[in-house]
Amino acid sequence: VVYAARDDRDVVMDSVLADLNYACANIKAQSGKTAWSKDMANAMKADITLWEGTFCKYRTQADNGKAADAARAEKFLKECVTACEKVMASGYEIGDDYQATYNSTSLSGSNNIIFFKEYQNNLMYHSLIAYTCSSTQINGMTKDAFDAYLFKDGKPLALTTENKSDVGEVDADGNYSIAKLLEVRDGRLAKTIDPIVYYQGMSWARSG
């Protein structure tokens with residue numbers, strides 16, 4: 001109903017959990033990783049219930065309208081454990097080469113992937129590389145995205161004891177580099193972006 005009052009969050013999330021449980025129980029197991037499967041449903045359930053269980057554990061009346069609810073938190077976190085155990089039972093592995101996965105032309109043989117879209121030339125592809133590497137002035141990772149990565153101590157920007165500086169420096173080759181910023185952050189960030197910064201008007205060439 002378009003003009004109905006807003007539903008209570010707990011009621012909404014109970015409905016979400018019921019939908020997730022239905023999906024986990026009824027979606028068929030798939031041999032491929034390009035179709036919805038029980039593993040995908042359980043992975044989504046794990047993600048959502050971890051968030052909701054943690055939210056219920058730490059929410060406050062002042063900030064969220066309801067006080068913390070330990071029983072409700074336990075309910076969702078137990079559902080998370082159940083979903084995680086089912087995903088882990090499928091034999092997935094934790095990949096040790098993030099860049100190889102991130103830059104792979106096909107993920108069909110990867111044992112650490114649950115679901116992906118298969119690249120097909122001229123049929124199933126996107127323009128992200130052209131968008132971020134062409135002459136457009138709207139390119140690269142945003143500062144918000146950069147700051148969202150955790151530091152080596154596992155803490156976010158607001159809580160870390162690591163060096164929080166975001167000031168780059170000119171390296172030995174005369175390039176403006178953020179290599180030292182990447183050294184103290186989640187290693188996946190350094191595998192995702194180039195440490196050499198380009199800005200408009202800079203005389204710049206990057207081989208490879």
# chains A, B, ... in the order shown; residues from 1 in each chain; ligands from 1
>>> residues_around(residues="region 173-176 of chain A", least_positions_apart="6", cutoff="8 Å", atoms="only C-alpha atoms", output="PyMOL selection string")
chain A and resi 196-198
>>> write_last_selection(atoms="C-alpha atoms", output="short mmCIF file (atom, residue, chain, number, x, y, z; two decimals), in the first residue's frame")
data_model
loop_
_atom_site.label_atom_id
_atom_site.label_comp_id
_atom_site.auth_asym_id
_atom_site.auth_seq_id
_atom_site.Cartn_x
_atom_site.Cartn_y
_atom_site.Cartn_z
CA ILE A 196 50.66 5.83 -9.19
CA VAL A 197 48.15 8.69 -9.15
CA TYR A 198 47.10 10.57 -12.27
#
>>> residues_around(residues="region 40-56 of chain A", least_positions_apart="6", cutoff="12 Å", atoms="only C-alpha atoms", output="NGL selection string")
:A and (9-10 or 12-14 or 16-30 or 32-34 or 63-90 or 92 or 113-116)
>>> select_by_dssp(residues="region 78-117 of chain A", states="alpha helix (DSSP H)", output="list in words")
Lys78, Glu79, Cys80, Val81, Thr82, Ala83, Cys84, Glu85, Lys86, Val87, Met88, Tyr98, Gln99, Ala100, Thr101 and Tyr102 of chain A
